[in-house]
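*Asks:* What follows is entry-v1.tsv, made up of TSV, C-alpha atoms:
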```tsv
chain	number	residue	atom	x	y	z
A	1	MET	CA	85.94	100.85	110.65
A	2	MET	CA	87.05	103.04	107.79
A	3	ASP	CA	85.61	106.23	106.37
A	4	PRO	CA	84.45	105.67	102.79
A	5	MET	CA	86.61	107.09	100.02
A	6	PRO	CA	84.96	108.63	96.94
A	7	VAL	CA	82.71	105.91	95.57
A	8	PRO	CA	82.38	105.20	91.83
A	9	GLN	CA	78.86	105.65	90.48
A	10	PHE	CA	78.48	101.99	89.53
A	11	ILE	CA	78.98	101.02	93.19
A	12	LEU	CA	76.46	103.61	94.38
A	13	ASP	CA	73.98	102.12	91.90
A	14	LEU	CA	74.62	98.60	93.20
A	15	ARG	CA	74.31	99.72	96.83
A	16	ARG	CA	70.79	101.05	96.13
A	17	HIS	CA	69.82	97.43	95.39
A	18	ILE	CA	71.90	95.44	97.88
A	19	GLY	CA	72.34	97.86	100.78
A	20	THR	CA	75.44	97.15	102.87
A	21	MET	CA	75.69	93.44	101.93
A	22	PRO	CA	79.20	92.26	101.02
A	23	LEU	CA	80.31	93.44	97.60
A	24	TRP	CA	83.05	91.71	95.62
A	25	LEU	CA	85.15	94.23	93.64
A	26	MET	CA	88.29	94.29	91.55
A	27	GLY	CA	91.07	96.56	92.73
A	28	THR	CA	94.55	97.49	91.66
A	29	SER	CA	97.68	98.51	93.55
A	30	VAL	CA	100.87	99.82	92.00
A	31	VAL	CA	104.47	99.98	93.19
A	32	VAL	CA	105.91	103.02	91.38
A	33	LEU	CA	109.72	102.96	91.29
A	34	ARG	CA	112.45	105.31	90.13
A	35	GLU	CA	116.20	105.48	90.52
A	36	GLY	CA	117.06	108.24	92.98
A	37	ALA	CA	120.39	109.73	94.01
A	38	GLY	CA	120.84	107.09	96.72
A	39	GLY	CA	119.29	104.14	94.88
A	40	ALA	CA	115.80	102.86	94.21
A	41	GLU	CA	112.87	104.92	95.50
A	42	VAL	CA	109.16	104.16	95.76
A	43	LEU	CA	106.30	106.67	95.47
A	44	LEU	CA	103.79	106.46	98.32
A	45	VAL	CA	100.62	108.32	99.27
A	46	LYS	CA	99.49	109.11	102.81
A	47	ARG	CA	95.84	108.07	102.91
A	48	SER	CA	93.26	110.51	104.23
A	49	ASP	CA	91.01	107.77	105.65
A	50	ASN	CA	93.54	106.13	107.99
A	51	GLY	CA	96.73	108.25	107.91
A	52	LEU	CA	98.88	105.35	106.68
A	53	TRP	CA	101.49	105.61	103.93
A	54	ALA	CA	100.33	103.28	101.16
A	55	LEU	CA	100.76	102.19	97.58
A	56	ILE	CA	98.68	103.95	94.95
A	57	SER	CA	95.48	101.93	94.56
A	58	GLY	CA	91.94	102.06	93.30
A	59	ILE	CA	88.81	100.28	92.12
A	60	VAL	CA	88.70	98.90	88.59
A	61	ASP	CA	85.82	100.45	86.64
A	62	PRO	CA	83.48	98.10	84.72
A	63	GLY	CA	85.17	97.02	81.49
A	64	GLU	CA	88.51	98.62	82.44
A	65	HIS	CA	91.73	96.61	82.37
A	66	PRO	CA	93.40	96.63	85.83
A	67	LYS	CA	96.69	97.96	84.39
A	68	VAL	CA	94.76	100.90	82.91
A	69	THR	CA	93.29	101.48	86.38
A	70	ALA	CA	96.81	101.59	87.86
A	71	VAL	CA	97.93	104.24	85.34
A	72	ARG	CA	94.72	106.26	85.91
A	73	GLU	CA	95.01	106.10	89.70
A	74	ALA	CA	98.67	107.24	89.61
A	75	LYS	CA	97.58	110.32	87.66
A	76	GLU	CA	94.49	110.99	89.82
A	77	GLU	CA	96.04	110.34	93.25
A	78	ALA	CA	99.65	111.45	92.78
A	79	CYS	CA	99.71	113.55	89.55
A	80	VAL	CA	102.36	111.35	87.94
A	81	ASP	CA	102.66	109.44	84.68
A	82	ILE	CA	103.78	105.82	84.86
A	83	SER	CA	104.39	102.84	82.62
A	84	ILE	CA	103.38	99.38	83.83
A	85	GLU	CA	106.36	97.01	83.70
A	86	ARG	CA	104.86	93.80	85.04
A	87	MET	CA	102.23	92.21	87.20
A	88	LEU	CA	103.46	91.33	90.69
A	89	TRP	CA	100.52	89.66	92.43
A	90	LEU	CA	96.91	88.62	92.23
A	91	GLY	CA	95.29	88.16	95.59
A	92	VAL	CA	92.20	88.45	97.72
A	93	THR	CA	92.07	91.05	100.50
A	94	GLU	CA	90.30	90.65	103.79
A	95	PRO	CA	86.82	92.20	103.91
A	96	SER	CA	86.67	95.94	104.71
A	97	THR	CA	83.79	97.39	106.69
A	98	TYR	CA	83.28	101.12	106.24
A	99	ASP	CA	81.74	103.54	108.76
A	100	ASN	CA	78.45	103.53	106.84
A	101	GLY	CA	78.22	99.72	107.18
A	102	ASP	CA	79.20	98.88	103.60
A	103	VAL	CA	81.25	95.70	103.31
A	104	CYS	CA	83.65	95.16	100.40
A	105	GLN	CA	86.27	92.57	99.54
A	106	TYR	CA	88.75	92.97	96.68
A	107	LEU	CA	90.46	90.84	94.09
A	108	ASP	CA	93.62	92.97	93.99
A	109	HIS	CA	95.92	93.15	90.96
A	110	GLY	CA	99.40	94.35	91.95
A	111	PHE	CA	101.73	95.95	89.42
A	112	ARG	CA	105.27	97.29	89.24
A	113	ALA	CA	105.56	100.56	87.33
A	114	ARG	CA	108.28	102.87	86.12
A	115	TYR	CA	107.95	106.59	86.83
A	116	LEU	CA	107.79	108.59	83.57
A	117	GLY	CA	107.20	112.13	84.78
A	118	GLY	CA	105.03	114.65	86.50
A	119	GLU	CA	105.58	116.43	89.80
A	120	PRO	CA	104.24	114.20	92.61
A	121	ALA	CA	101.42	116.04	94.40
A	122	VAL	CA	98.12	115.30	96.12
A	123	GLY	CA	95.65	114.93	93.28
A	124	ASP	CA	92.40	114.22	95.12
A	125	GLU	CA	90.78	113.94	98.54
A	126	GLU	CA	91.99	110.35	99.01
A	127	SER	CA	95.51	111.47	99.98
A	128	LEU	CA	97.08	113.91	102.44
A	129	GLU	CA	100.66	113.71	101.11
A	130	VAL	CA	102.65	112.17	98.27
A	131	ALA	CA	106.40	111.52	98.48
A	132	TRP	CA	109.33	109.44	97.28
A	133	PHE	CA	111.08	107.18	99.80
A	134	PRO	CA	114.23	105.05	99.55
A	135	VAL	CA	113.10	101.41	99.37
A	136	ASP	CA	115.29	100.62	102.39
A	137	ASP	CA	113.94	103.53	104.50
A	138	LEU	CA	110.14	103.41	104.29
A	139	PRO	CA	107.99	105.78	106.37
A	140	THR	CA	105.79	104.89	109.31
A	141	PRO	CA	103.03	104.36	109.94
A	142	ARG	CA	102.49	102.43	106.72
A	143	ALA	CA	100.11	99.83	105.37
A	144	PRO	CA	101.56	96.29	105.51
A	145	ARG	CA	101.01	95.94	101.76
A	146	VAL	CA	103.82	98.49	101.17
A	147	ASP	CA	106.49	96.08	102.44
A	148	TYR	CA	104.90	93.18	100.58
A	149	GLY	CA	104.67	95.08	97.29
A	150	VAL	CA	108.11	96.70	97.42
A	151	GLY	CA	109.64	93.32	98.28
A	152	LEU	CA	108.02	91.67	95.26
A	153	ALA	CA	108.94	94.57	92.96
A	154	LEU	CA	112.61	94.32	93.92
A	155	GLU	CA	112.72	90.53	93.41
A	156	ASP	CA	112.32	90.93	89.64
A	157	PRO	CA	112.12	88.62	87.73
A	158	ARG	CA	109.62	86.43	89.52
A	159	ASP	CA	106.39	84.70	88.71
A	160	VAL	CA	103.19	86.48	89.67
A	161	ALA	CA	102.51	85.85	93.35
A	162	LEU	CA	99.16	84.21	94.01
A	163	ASP	CA	99.17	84.92	97.74
A	164	ASP	CA	96.39	85.47	100.22
A	165	LEU	CA	96.57	89.22	100.95
A	166	VAL	CA	94.87	89.01	104.34
A	167	GLY	CA	97.05	90.93	106.76
A	168	THR	CA	99.12	92.68	104.09
```
Kindly present the structure from the file in structure tokens form.

*Replies:*
Amino acid sequence: MMDPMPVPQFILDLRRHIGTMPLWLMGTSVVVLREGAGGAEVLLVKRSDNGLWALISGIVDPGEHPKVTAVREAKEEACVDISIERMLWLGVTEPSTYDNGDVCQYLDHGFRARYLGGEPAVGDEESLEVAWFPVDDLPTPRAPRVDYGVGLALEDPRDVALDDLVGT
């Protein structure tokens, strides 16, 4: 079970009608890269709900393009500006059940982004820490999607992966 993160208003409105029934949502995840002194580095956030290091991610608002969501979430969660370079994956996550009984499943859009600027910092209550890590020395504990996403981002160029994200 997971503690709920801040919930967008449109989801709260839907929940008043459907209760905890499964809800299908669009999400976005972003692999933010920069060239560090020792090579490529990835920006990760330590999630407040489970303590895992993870990619920046969020729920796509109604009418919002998923790449716009990725840029917005990078600013909100990690206080950085990014530029989307390419789409990496489109996949379906396994269902998530939150402590309050809500069930959600996500169509996740994964992107690779270039760091433009801003001092990485915790921007909201979703994260405990924000830090850069060498791509060959990732922190633990971490969400499995970190390895998946970093691997795809470093394989550039490649077609968009249409993988099942269950277990990543």

*Asks:* Considering only C-alpha atoms, state which residue in the set A:Arg86, A:Arg15, A:Arg114, A:Arg142 is at the smallest distance from Val160 (chain A).

*Replies:*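 Closest candidate: A:Arg86.
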
*Asks:* What does the distance from CA of Pro120 (chain A) to CA of Val60 (chain A) come to in Å, to one decimal?

*Replies:*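 Here the two named atoms are 22.2 Å from each other.
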
*Asks:* Just how far from CA of Thr20 (chain A) is CA of Val7 (chain A), in Å to one decimal?

*Replies:*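 CA of Thr20 (chain A) lies 13.5 Å from CA of Val7 (chain A).
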
*Asks:* Show me, as JSON, numbers by chain, the residues that have an atom within 10 Å of Ser96 (chain A) when counting all atoms listed in the file, minus same-chain residues fewer than 5 positions from it.

*Replies:* {"A": [1, 2, 22, 23, 101, 102, 103, 104, 105, 106]}

*Asks:* Restricted to C-alpha atoms, what would the selected residues look like written as a short mmCIF file (atom, residue, chain, number, x, y, z; two decimals), keeping the file's coordinate frame?

*Replies:*
```cif
data_model
loop_
_atom_site.label_atom_id
_atom_site.label_comp_id
_atom_site.auth_asym_id
_atom_site.auth_seq_id
_atom_site.Cartn_x
_atom_site.Cartn_y
_atom_site.Cartn_z
CA MET A 1 85.94 100.85 110.65
CA MET A 2 87.05 103.04 107.79
CA PRO A 22 79.20 92.26 101.02
CA LEU A 23 80.31 93.44 97.60
CA GLY A 101 78.22 99.72 107.18
CA ASP A 102 79.20 98.88 103.60
CA VAL A 103 81.25 95.70 103.31
CA CYS A 104 83.65 95.16 100.40
CA GLN A 105 86.27 92.57 99.54
CA TYR A 106 88.75 92.97 96.68
#
```

*Asks:* Hey, can you check how far CA of Glu125 (chain A) sits from CA of Arg47 (chain A)?

*Replies:*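 CA of Arg47 (chain A) lies at a distance of 8.9 Å from CA of Glu125 (chain A).
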
*Asks:* Fewer than 6 positions away in the same chain doesn't count, so skip those; otherwise give me all residues within 12 Å of Pro141 (chain A), counting only C-alpha atoms, as a PyMOL selection string.

*Replies:* chain A and resi 44-47+50-54+147

*Asks:* Could you pull the residues within 8 Å of region 24-39 of chain A, counting all atoms listed in the file, minus those fewer than 4 positions along the same chain, as a list of chain:residue names?

*Replies:*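 Residues near the query, excluding close chain neighbours: A:Leu43, A:Leu55, A:Ile56, A:Ser57, A:Gly58, A:Ile59, A:Val60, A:Pro66, A:Lys67, A:Thr69, A:Ala70, A:Ile82, A:Cys104, A:Gln105, A:Tyr106, A:Leu107, A:Asp108, A:His109, A:Gly110, A:Phe111, A:Arg112, A:Ala113, A:Arg114, A:Tyr115, A:Pro134, A:Gly149, A:Val150, A:Ala153.
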
*Asks:* So, counting all atoms listed in the file, which residue among A:Ala78, A:Leu165, A:Leu90, A:Ile84 is closest to Val146 (chain A)?

*Replies:*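 When distances to Val146 (chain A) are compared using all atoms listed in the file, the smallest one comes from A:Leu165.
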
*Asks:* May I ask which of the residues A:Val80, A:Leu116, A:Leu152, A:Leu12 is the closest one to Val130 (chain A), counting only C-alpha atoms?

*Replies:* A:Val80

*Asks:* Give the answer as one residue: which of A:Val166, A:Ile18, A:Cys79, A:Ala161 has the shortest atom-to-atom distance to Pro95 (chain A), using all atoms listed in the file?

*Replies:*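 Once distances to Pro95 (chain A) are computed over all atoms listed in the file, the minimum belongs to A:Val166.
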
*Asks:* Taking into account only C-alpha atoms, which residue in the set A:Met21, A:Ala74, A:Leu88, A:Val42 is nearest to Gly118 (chain A)?

*Replies:*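 Nearest to Gly118 (chain A): A:Ala74.
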
*Asks:* Which residue, A:Phe10, A:Glu119, A:Asp137, A:Tyr148, has the smallest gap to Lys75 (chain A) when you use only C-alpha atoms?

*Replies:* A:Glu119
